[in-house]
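Asker: Enclosed is the structure file structure-v3.csv (CSV, C-alpha atoms).
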```csv
chain,number,residue,atom,x,y,z
A,1,MET,CA,0.0,0.0,0.0
A,2,SER,CA,0.9,3.6,-0.2
A,3,ARG,CA,2.7,5.3,2.6
A,4,ARG,CA,-0.1,7.9,2.6
A,5,ARG,CA,-2.3,7.7,5.7
A,6,SER,CA,-4.9,7.0,3.1
A,7,ARG,CA,-4.8,3.2,3.2
A,8,LEU,CA,-4.6,0.3,5.5
A,9,SER,CA,-0.8,0.0,5.9
A,10,THR,CA,-1.5,-3.5,7.2
A,11,LEU,CA,-0.3,-2.8,10.3
A,12,ALA,CA,-0.8,-0.2,12.6
A,13,THR,CA,0.2,2.8,10.5
A,14,ALA,CA,-3.3,4.0,9.6
A,15,GLY,CA,-5.7,5.3,12.2
A,16,THR,CA,-8.6,3.4,10.6
A,17,VAL,CA,-7.1,-0.1,11.2
A,18,LEU,CA,-9.3,-2.4,13.3
A,19,ALA,CA,-7.5,-3.8,16.3
A,20,LEU,CA,-7.1,-7.5,16.7
A,21,ALA,CA,-9.0,-9.4,19.3
A,22,ALA,CA,-7.6,-9.0,22.7
A,23,GLY,CA,-5.1,-11.5,23.8
A,24,LEU,CA,-3.2,-11.8,20.5
A,25,SER,CA,0.3,-10.9,21.6
A,26,ALA,CA,2.8,-9.2,19.3
A,27,CYS,CA,6.2,-10.8,18.8
A,28,GLY,CA,9.6,-9.7,17.6
A,29,ASP,CA,11.0,-10.4,14.2
A,30,ASP,CA,12.9,-13.6,15.3
A,31,ASP,CA,9.9,-15.0,17.1
A,32,SER,CA,7.6,-14.1,14.3
A,33,GLU,CA,9.5,-16.3,11.8
A,34,LYS,CA,9.0,-19.3,14.1
A,35,SER,CA,5.3,-18.6,14.5
A,36,ALA,CA,4.6,-17.8,10.8
A,37,GLY,CA,5.1,-21.3,9.6
A,38,SER,CA,3.4,-22.9,6.5
A,39,SER,CA,-0.1,-24.3,6.4
A,40,GLY,CA,1.1,-27.8,7.2
A,41,ALA,CA,-0.9,-29.2,4.2
A,42,ALA,CA,0.4,-32.1,2.1
A,43,LYS,CA,2.3,-31.2,-1.1
A,44,GLY,CA,-0.2,-30.1,-3.8
A,45,SER,CA,-2.7,-28.7,-1.3
A,46,VAL,CA,-2.9,-25.5,0.7
A,47,VAL,CA,-4.9,-24.7,3.9
A,48,ILE,CA,-6.4,-21.2,3.9
A,49,GLY,CA,-8.3,-19.5,6.6
A,50,ALA,CA,-6.5,-21.4,9.3
A,51,ALA,CA,-6.7,-20.3,13.0
A,52,SER,CA,-8.7,-17.2,11.9
A,53,ASN,CA,-10.7,-16.6,15.2
A,54,GLY,CA,-13.9,-16.6,13.2
A,55,ALA,CA,-12.7,-14.3,10.4
A,56,ALA,CA,-12.8,-17.1,7.8
A,57,GLU,CA,-13.7,-20.7,7.3
A,58,GLU,CA,-10.7,-23.0,7.1
A,59,ILE,CA,-10.6,-24.9,3.8
A,60,THR,CA,-8.1,-26.9,1.9
A,61,LEU,CA,-7.5,-26.2,-1.8
A,62,ASP,CA,-5.8,-28.4,-4.4
A,63,VAL,CA,-2.9,-26.5,-6.0
A,64,PRO,CA,-0.6,-28.5,-8.2
A,65,GLU,CA,2.9,-27.4,-9.2
A,66,VAL,CA,3.0,-25.9,-12.7
A,67,ALA,CA,6.3,-26.8,-14.2
A,68,SER,CA,6.2,-24.2,-16.9
A,69,ILE,CA,5.8,-21.4,-14.4
A,70,ARG,CA,8.4,-22.8,-12.0
A,71,ALA,CA,10.9,-23.0,-14.8
A,72,GLN,CA,10.8,-19.2,-15.1
A,73,LEU,CA,12.1,-18.7,-11.5
A,74,PRO,CA,15.7,-17.9,-10.8
A,75,GLU,CA,17.8,-20.8,-9.4
A,76,SER,CA,18.4,-18.7,-6.3
A,77,VAL,CA,14.7,-19.0,-5.5
A,78,THR,CA,14.2,-22.7,-6.2
A,79,GLU,CA,17.5,-24.1,-4.8
A,80,ASP,CA,16.3,-24.2,-1.2
A,81,GLY,CA,12.8,-25.4,-2.0
A,82,LYS,CA,11.2,-22.4,-0.4
A,83,LEU,CA,9.5,-19.1,-1.3
A,84,THR,CA,10.3,-16.6,1.4
A,85,ILE,CA,7.3,-14.3,1.8
A,86,GLY,CA,7.7,-10.9,3.2
A,87,LEU,CA,4.9,-9.7,5.6
A,88,GLY,CA,4.7,-6.4,7.4
A,89,MET,CA,2.3,-7.5,10.0
A,90,LEU,CA,4.0,-6.4,13.3
A,91,PRO,CA,3.3,-5.3,15.9
A,92,ALA,CA,-0.5,-5.9,16.0
A,93,GLY,CA,-1.5,-7.3,12.6
A,94,SER,CA,-4.5,-6.2,10.6
A,95,ALA,CA,-7.5,-8.5,10.0
A,96,PRO,CA,-8.4,-9.8,7.5
A,97,LEU,CA,-5.1,-9.1,5.7
A,98,GLY,CA,-2.6,-10.7,8.1
A,99,PHE,CA,-2.6,-11.4,11.9
A,100,LEU,CA,-1.5,-13.9,14.5
A,101,GLY,CA,-4.0,-16.7,14.6
A,102,ASP,CA,-6.0,-18.0,17.6
A,103,ASP,CA,-3.5,-20.8,18.0
A,104,GLN,CA,-0.9,-18.2,18.9
A,105,LYS,CA,1.5,-19.4,16.2
A,106,THR,CA,0.0,-19.3,12.7
A,107,VAL,CA,0.2,-16.0,10.8
A,108,THR,CA,-3.1,-16.1,9.0
A,109,GLY,CA,-5.0,-13.8,6.7
A,110,SER,CA,-5.6,-13.1,3.0
A,111,GLU,CA,-2.0,-11.9,2.3
A,112,PRO,CA,0.0,-14.9,3.7
A,113,ASP,CA,-2.6,-17.3,2.3
A,114,LEU,CA,-2.2,-15.9,-1.2
A,115,GLY,CA,1.6,-16.3,-0.7
A,116,ARG,CA,1.1,-19.9,0.2
A,117,LEU,CA,-1.0,-20.5,-2.9
A,118,VAL,CA,1.6,-18.9,-5.2
A,119,ALA,CA,4.4,-20.9,-3.6
A,120,ALA,CA,2.4,-24.1,-4.3
A,121,VAL,CA,2.1,-23.2,-8.0
A,122,PHE,CA,5.9,-22.9,-7.9
A,123,GLY,CA,6.2,-26.3,-6.2
A,124,LEU,CA,7.9,-24.5,-3.3
A,125,GLU,CA,7.2,-24.4,0.5
A,126,ALA,CA,5.9,-21.1,1.7
A,127,GLU,CA,8.1,-19.5,4.4
A,128,PRO,CA,6.5,-16.4,5.7
A,129,LYS,CA,8.8,-13.9,7.5
A,130,ASN,CA,7.0,-11.3,9.5
A,131,ALA,CA,8.3,-7.8,10.3
A,132,THR,CA,7.2,-4.3,10.8
A,133,TRP,CA,6.0,-2.3,7.8
A,134,GLU,CA,9.3,-0.5,7.4
A,135,ASN,CA,11.3,-3.7,7.8
A,136,LEU,CA,9.2,-5.5,5.2
A,137,PHE,CA,10.9,-3.4,2.5
A,138,VAL,CA,14.3,-3.8,4.2
A,139,GLY,CA,13.8,-7.6,3.9
A,140,ILE,CA,13.1,-7.4,0.2
A,141,ASP,CA,16.0,-5.0,-0.4
A,142,SER,CA,18.4,-7.3,1.4
A,143,GLY,CA,17.2,-10.6,-0.1
A,144,ARG,CA,16.0,-11.8,3.3
A,145,THR,CA,12.6,-12.2,1.6
A,146,GLU,CA,11.9,-12.9,-2.1
A,147,ALA,CA,8.4,-11.6,-2.5
A,148,GLY,CA,6.2,-9.3,-0.4
A,149,PHE,CA,2.6,-10.1,0.1
A,150,SER,CA,1.5,-7.4,2.5
A,151,ASN,CA,-1.2,-5.1,1.0
A,152,ILE,CA,1.5,-3.2,-0.9
A,153,THR,CA,0.1,-0.6,-3.3
A,154,ASP,CA,1.6,-0.2,-6.8
A,155,THR,CA,3.1,3.3,-7.0
A,156,GLU,CA,5.4,4.9,-9.5
A,157,GLU,CA,7.7,5.9,-6.7
A,158,ARG,CA,8.1,2.3,-5.6
A,159,LYS,CA,8.9,1.2,-9.1
A,160,LYS,CA,12.3,2.8,-8.8
A,161,LYS,CA,13.2,-0.1,-6.5
A,162,TYR,CA,10.6,-2.8,-7.0
A,163,GLU,CA,8.7,-4.8,-9.6
A,164,PHE,CA,5.0,-5.7,-9.2
A,165,ALA,CA,2.5,-8.5,-9.9
A,166,CYS,CA,-0.9,-7.2,-8.9
A,167,TYR,CA,-3.6,-9.3,-7.4
A,168,ARG,CA,-6.3,-7.2,-5.7
A,169,LYS,CA,-8.0,-3.8,-6.0
A,170,ASP,CA,-6.9,-1.1,-3.5
A,171,ASN,CA,-10.3,0.0,-2.4
A,172,LEU,CA,-12.0,2.2,0.1
A,173,GLY,CA,-15.5,1.1,1.2
A,174,PHE,CA,-18.7,2.3,2.7
A,175,GLU,CA,-20.1,0.4,5.7
A,176,LEU,CA,-23.8,0.7,6.3
A,177,ARG,CA,-26.4,-0.8,8.7
A,178,LYS,CA,-27.6,-4.1,7.3
A,179,GLU,CA,-31.1,-2.7,6.8
A,180,ALA,CA,-30.0,0.5,5.0
A,181,ASP,CA,-32.0,1.1,1.9
A,182,TRP,CA,-29.4,2.9,-0.2
A,183,ASN,CA,-25.9,2.3,-1.7
A,184,PHE,CA,-23.0,4.4,-2.9
A,185,ASP,CA,-23.3,4.3,-6.7
A,186,GLY,CA,-19.8,5.4,-7.5
A,187,THR,CA,-20.6,9.1,-7.6
A,188,TYR,CA,-20.7,11.7,-4.9
A,189,LYS,CA,-24.3,12.6,-5.8
A,190,SER,CA,-25.5,9.4,-4.1
A,191,LEU,CA,-24.2,10.9,-0.8
A,192,ALA,CA,-26.5,13.9,-0.9
A,193,GLY,CA,-28.3,14.3,2.4
A,194,LYS,CA,-26.2,11.7,4.1
A,195,THR,CA,-24.1,11.8,7.3
A,196,VAL,CA,-20.8,9.9,6.9
A,197,ALA,CA,-18.0,9.2,9.3
A,198,VAL,CA,-14.3,9.2,8.3
A,199,ALA,CA,-11.0,9.2,10.0
A,200,SER,CA,-9.1,12.5,10.2
A,201,GLY,CA,-5.9,13.0,8.2
A,202,THR,CA,-6.6,10.1,5.7
A,203,ASN,CA,-6.9,10.0,2.0
A,204,GLN,CA,-10.5,9.0,2.4
A,205,GLU,CA,-11.2,12.2,4.3
A,206,LYS,CA,-9.6,14.2,1.5
A,207,ILE,CA,-11.9,12.5,-1.0
A,208,LEU,CA,-15.0,12.9,1.1
A,209,LEU,CA,-14.4,16.6,1.8
A,210,GLU,CA,-14.0,17.2,-2.0
A,211,TRP,CA,-17.4,15.5,-2.5
A,212,ARG,CA,-18.9,17.6,0.3
A,213,ASP,CA,-17.7,20.8,-1.4
A,214,LYS,CA,-19.1,19.7,-4.8
A,215,LEU,CA,-22.5,18.9,-3.2
A,216,GLU,CA,-22.6,22.3,-1.4
A,217,SER,CA,-21.9,24.0,-4.7
A,218,GLU,CA,-24.9,22.3,-6.1
A,219,GLY,CA,-27.2,23.2,-3.2
A,220,GLU,CA,-26.9,19.7,-1.5
A,221,LYS,CA,-25.5,18.7,1.9
A,222,LEU,CA,-23.1,16.0,3.0
A,223,ASP,CA,-22.4,16.0,6.7
A,224,VAL,CA,-19.0,14.7,7.6
A,225,LYS,CA,-18.4,13.4,11.2
A,226,TYR,CA,-15.3,12.4,13.2
A,227,PHE,CA,-15.0,9.9,16.0
A,228,ALA,CA,-12.1,8.9,18.3
A,229,ASP,CA,-12.0,5.2,17.3
A,230,ASN,CA,-13.7,2.5,15.4
A,231,ASN,CA,-15.8,1.4,18.4
A,232,SER,CA,-17.3,4.9,18.5
A,233,ILE,CA,-17.9,4.9,14.8
A,234,HIS,CA,-19.8,1.6,14.9
A,235,LEU,CA,-21.9,2.8,17.9
A,236,ALA,CA,-22.9,5.9,16.0
A,237,LEU,CA,-23.7,3.7,12.9
A,238,ASN,CA,-25.9,1.3,14.9
A,239,SER,CA,-27.7,4.2,16.7
A,240,LYS,CA,-28.4,5.9,13.4
A,241,LYS,CA,-26.4,9.0,14.2
A,242,ILE,CA,-24.5,8.4,10.9
A,243,ASP,CA,-25.6,6.8,7.7
A,244,ALA,CA,-22.2,5.3,6.7
A,245,TYR,CA,-18.6,4.9,7.6
A,246,PHE,CA,-16.0,5.5,4.8
A,247,GLY,CA,-12.8,3.7,5.3
A,248,PRO,CA,-10.4,1.0,4.1
A,249,ASN,CA,-12.4,-1.8,2.5
A,250,PRO,CA,-10.6,-4.8,4.0
A,251,ALA,CA,-11.1,-3.5,7.5
A,252,ILE,CA,-14.8,-2.9,6.8
A,253,ALA,CA,-15.1,-6.4,5.3
A,254,TYR,CA,-13.6,-7.9,8.4
A,255,HIS,CA,-16.0,-6.0,10.7
A,256,ILE,CA,-19.0,-7.0,8.5
A,257,THR,CA,-17.9,-10.7,9.0
A,258,GLN,CA,-17.5,-10.2,12.8
A,259,SER,CA,-20.9,-8.5,13.2
A,260,ALA,CA,-22.9,-10.7,10.9
A,261,SER,CA,-24.6,-12.8,13.6
A,262,THR,CA,-25.3,-9.9,16.0
A,263,PRO,CA,-28.1,-7.4,16.2
A,264,GLN,CA,-25.5,-4.8,15.1
A,265,ALA,CA,-24.9,-6.5,11.7
A,266,THR,CA,-23.6,-4.2,8.9
A,267,ARG,CA,-23.0,-4.6,5.2
A,268,SER,CA,-21.0,-3.1,2.4
A,269,GLY,CA,-22.6,-0.2,0.6
A,270,GLY,CA,-20.1,0.0,-2.2
A,271,THR,CA,-16.4,0.7,-2.9
A,272,TYR,CA,-14.2,3.4,-4.4
A,273,SER,CA,-10.6,3.3,-5.6
A,274,GLY,CA,-8.1,4.3,-3.0
A,275,ALA,CA,-6.3,6.1,-5.9
A,276,GLY,CA,-9.3,8.3,-6.6
A,277,ALA,CA,-11.5,8.7,-9.7
A,278,SER,CA,-8.6,8.8,-12.3
A,279,LEU,CA,-7.0,5.4,-11.5
A,280,GLN,CA,-7.9,2.1,-9.9
A,281,GLY,CA,-5.4,1.5,-7.2
A,282,LEU,CA,-3.9,-2.0,-7.1
A,283,ILE,CA,-2.3,-4.2,-4.4
A,284,CYS,CA,0.6,-6.2,-5.7
A,285,ALA,CA,3.1,-9.0,-4.9
A,286,THR,CA,6.4,-7.1,-4.6
A,287,ALA,CA,9.9,-8.2,-5.5
A,288,LYS,CA,13.2,-6.4,-5.9
A,289,LYS,CA,13.6,-4.6,-9.2
A,290,GLY,CA,15.5,-6.8,-11.7
A,291,SER,CA,14.9,-10.0,-9.7
A,292,GLY,CA,12.9,-11.5,-12.6
A,293,LEU,CA,10.2,-12.5,-10.2
A,294,ALA,CA,7.3,-10.3,-11.3
A,295,LYS,CA,6.5,-12.3,-14.4
A,296,PRO,CA,6.3,-15.7,-12.8
A,297,LEU,CA,4.5,-14.2,-9.8
A,298,ALA,CA,1.9,-12.8,-12.2
A,299,GLU,CA,1.6,-16.1,-14.1
A,300,ALA,CA,1.1,-18.0,-10.8
A,301,ILE,CA,-1.6,-15.6,-9.8
A,302,ASN,CA,-3.3,-15.9,-13.2
A,303,TYR,CA,-3.2,-19.7,-12.9
A,304,LEU,CA,-5.0,-19.4,-9.5
A,305,ILE,CA,-7.5,-17.0,-11.1
A,306,GLU,CA,-8.2,-19.3,-14.0
A,307,ASN,CA,-8.5,-22.4,-11.9
A,308,GLY,CA,-10.7,-21.0,-9.1
A,309,GLN,CA,-8.4,-21.0,-6.1
A,310,TYR,CA,-8.1,-17.2,-6.2
A,311,ALA,CA,-11.9,-16.7,-6.1
A,312,LYS,CA,-12.1,-19.2,-3.1
A,313,LEU,CA,-9.4,-17.2,-1.3
A,314,LEU,CA,-11.3,-13.9,-1.7
A,315,GLU,CA,-14.6,-15.5,-0.7
A,316,THR,CA,-13.0,-17.0,2.4
A,317,TRP,CA,-11.8,-13.6,3.6
A,318,ASN,CA,-14.9,-11.6,2.4
A,319,LEU,CA,-12.8,-9.6,-0.2
A,320,LYS,CA,-14.7,-10.6,-3.4
A,321,ASP,CA,-15.3,-7.0,-4.2
A,322,GLU,CA,-11.6,-6.4,-4.6
A,323,ALA,CA,-11.0,-9.1,-7.2
A,324,VAL,CA,-9.1,-8.4,-10.4
A,325,ARG,CA,-9.7,-10.2,-13.7
A,326,THR,CA,-6.0,-10.7,-14.4
A,327,SER,CA,-2.7,-10.1,-12.7
A,328,GLN,CA,-0.6,-7.5,-14.6
A,329,VAL,CA,3.1,-6.9,-14.3
A,330,ASN,CA,4.0,-3.3,-13.4
A,331,PRO,CA,0.7,-1.7,-14.4
A,332,PRO,CA,0.3,2.1,-14.0
A,333,GLY,CA,0.5,3.0,-10.3
A,334,LEU,CA,-0.2,6.0,-8.1
A,335,PRO,CA,1.7,9.0,-9.5
A,336,ILE,CA,4.8,10.1,-7.7
A,337,THR,CA,2.9,13.3,-6.7
A,338,ASN,CA,0.3,11.2,-4.9
A,339,SER,CA,2.5,8.5,-3.4
```
Would you mind writing the structure in this file as structure tokens?

Answerer:
Amino acid sequence: MSRRRSRLSTLATAGTVLALAAGLSACGDDDSEKSAGSSGAAKGSVVIGAASNGAAEEITLDVPEVASIRAQLPESVTEDGKLTIGLGMLPAGSAPLGFLGDDQKTVTGSEPDLGRLVAAVFGLEAEPKNATWENLFVGIDSGRTEAGFSNITDTEERKKKYEFACYRKDNLGFELRKEADWNFDGTYKSLAGKTVAVASGTNQEKILLEWRDKLESEGEKLDVKYFADNNSIHLALNSKKIDAYFGPNPAIAYHITQSASTPQATRSGGTYSGAGASLQGLICATAKKGSGLAKPLAEAINYLIENGQYAKLLETWNLKDEAVRTSQVNPPGLPITNS
């Protein structure tokens, strides 16, 4: 993701990140490697959604090795039989993207699970290595990790050092009460007369305030509200003090899953590109520039798209609305001026 406060930095850098359930302790880099282990599935199959504390249903997917894709990998990647996966999930994690599981040892979530699926296509064992957001990139730079799967946004600034194989839309989302009778239709006009909560200092606030100003110039009103934390936002939503919350879509998807069987159930009211109206932001597997990994990473992801495992992954983590049709290598990213 972008270093802007706009997006879920997977990890504790954006104010809109949902906290993990109490009791999930953070661990240092060395301990995290021990606790991040593989899915434990037999070769040719991958367990996803493991130890998720109710965020996902654990399932096992068949994922055969694809020799033609493996053959494109540098020998330095295949010689040890492992794909080292960079995660920036310390200290607290960020459900549903990546977090310490309820068994207190498995790093689970949509990002490490996709890394496990890609490793299986390569015929390699996935070896997640967890770190802080900043040290995620240090790991890629140093060769400690071979590919980052950690909600990393494609930006033109990052292309100076990294190459990308994109796999998910970088979206903001609207969270509504389950019984709400309206949806965001992709345009600011659908927010006329609404009261919407947003986190201060974020990219989504910038977008929302621009929409508010446009509506005011047209004689309409959009009321923007601020709250101290996510608990306060959801209390306001449930008590009908606000009509919607506008924030990072993965965090909203997680809360929707967690609240589904409660009287305070919510739903998605639509999404909007985190890059704004002119560009669909993309989340990408990230490798060191010149490593030669972007192309085989994209081909592995496309194999998973074509054969259904990708759709199962997104369904498992309630991220279907961020699906891409195909993985592209180094598509246009956020401009340097907006990175």

Asker: Identify which of the residues A:Ser94, A:Asn302, A:Ser76, A:Thr257 lies closest to Gly109 in chain A, counting only C-alpha atoms when measuring atom-to-atom distances.

Answerer: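 Once distances to Gly109 in chain A are computed over only C-alpha atoms, the minimum belongs to A:Ser94.
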
Asker: Is there a way to get, as a PyMOL selection string, all residues within 8 Å of the point (2.2, -25.7, -11.9) in file coordinates, counting all atoms listed in the file?

Answerer: chain A and resi 63-70+120-123+300

Asker: I'd like the contact shell of Ser142 in chain A - 12 Å cut-off, all atoms listed in the file, skipping same-chain residues fewer than 5 positions apart - returned as a VMD selection string.

Answerer: chain A and resid 86 135 to 137 147 161 287 to 289 291

Asker: Have a look at CA of Gly308 in chain A and CA of Cys284 in chain A and let me know their distance in Å, one decimal.

Answerer: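 Between CA of Gly308 in chain A and CA of Cys284 in chain A the gap is 18.9 Å.
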
Asker: I need the residue nearest Glu57 in chain A from this list: A:Thr187, A:Asn249, A:Thr316, A:Ser268. Use all atoms listed in the file for the distance.

Answerer: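 The answer is A:Thr316, which sits nearest to Glu57 in chain A.
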
Asker: Given the choices A:Ala197, A:Leu208, A:Leu97, A:Ile59, which gets closest to Ser232 in chain A if the distance is worked out from only C-alpha atoms?

Answerer: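 Closest to Ser232 in chain A of all the choices is A:Ala197.
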
Asker: Given the choices A:Leu124, A:Leu314, A:Ile301, A:Leu334, which gets closest to Ile152 in chain A if the distance is worked out from all atoms listed in the file?

Answerer: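 Looking only at the distances to Ile152 in chain A, the closest residue turns out to be A:Leu334.
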
Asker: Determine, counting all atoms listed in the file, every residue of protein, DNA or RNA that lies within 10 Å of (-21.5, -0.7, 9.1) in the file coordinates, then give the result as a PyMOL selection string.

Answerer: chain A and resi 174-178+180+233-238+242-246+252-253+255-256+259+264-269

Asker: Using all atoms listed in the file, which of the listed residues (A:Ser217, A:Ser239, A:Thr78, A:Ser150) sits closest to Leu293 in chain A?

Answerer: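 Closest residue, counting all atoms listed in the file: A:Thr78.
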
Asker: What gap, in Å, lies between CA of Leu222 in chain A and CA of Leu191 in chain A?

Answerer: 6.5 Å

Asker: Do you have the CA of Ile85 in chain A-CA of Arg144 in chain A distance handy?

Answerer: 9.2 Å

Asker: I need the residue nearest Glu125 in chain A from this list: A:Ser45, A:Asn330, A:Asn318, A:Ser273. Use all atoms listed in the file for the distance.

Answerer: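 Among A:Ser45, A:Asn330, A:Asn318, A:Ser273, it is A:Ser45 that comes nearest to Glu125 in chain A.
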
Asker: So that I can see what lies close to Val329 in chain A, please list as a list in words the residues with an atom at most 8 Å from it, counting all atoms listed in the file and leaving out residues fewer than 4 positions away in the same chain.

Answerer: Glu163, Phe164, Ala165, Cys166, Ala294, Lys295 and Ala298 of chain A

Asker: Identify, on the basis of only C-alpha atoms, every residue whose closest approach to Leu90 in chain A does not exceed 6 Å; exclude the query and any residue fewer than 2 positions from it along the same chain; express the result as a list in words.

Answerer: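 Here the answer would be Gly88, Ala92, Gly93, Ala131 and Thr132 of chain A.
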
Asker: Can you tell me which residues surround Thr271 in chain A at a distance of at most 9 Å, considering only C-alpha atoms, apart from same-chain residues fewer than 5 positions away, and format the answer as an MDAnalysis selection string?

Answerer: chainID A and resid 171:174 184:186 249 321:322
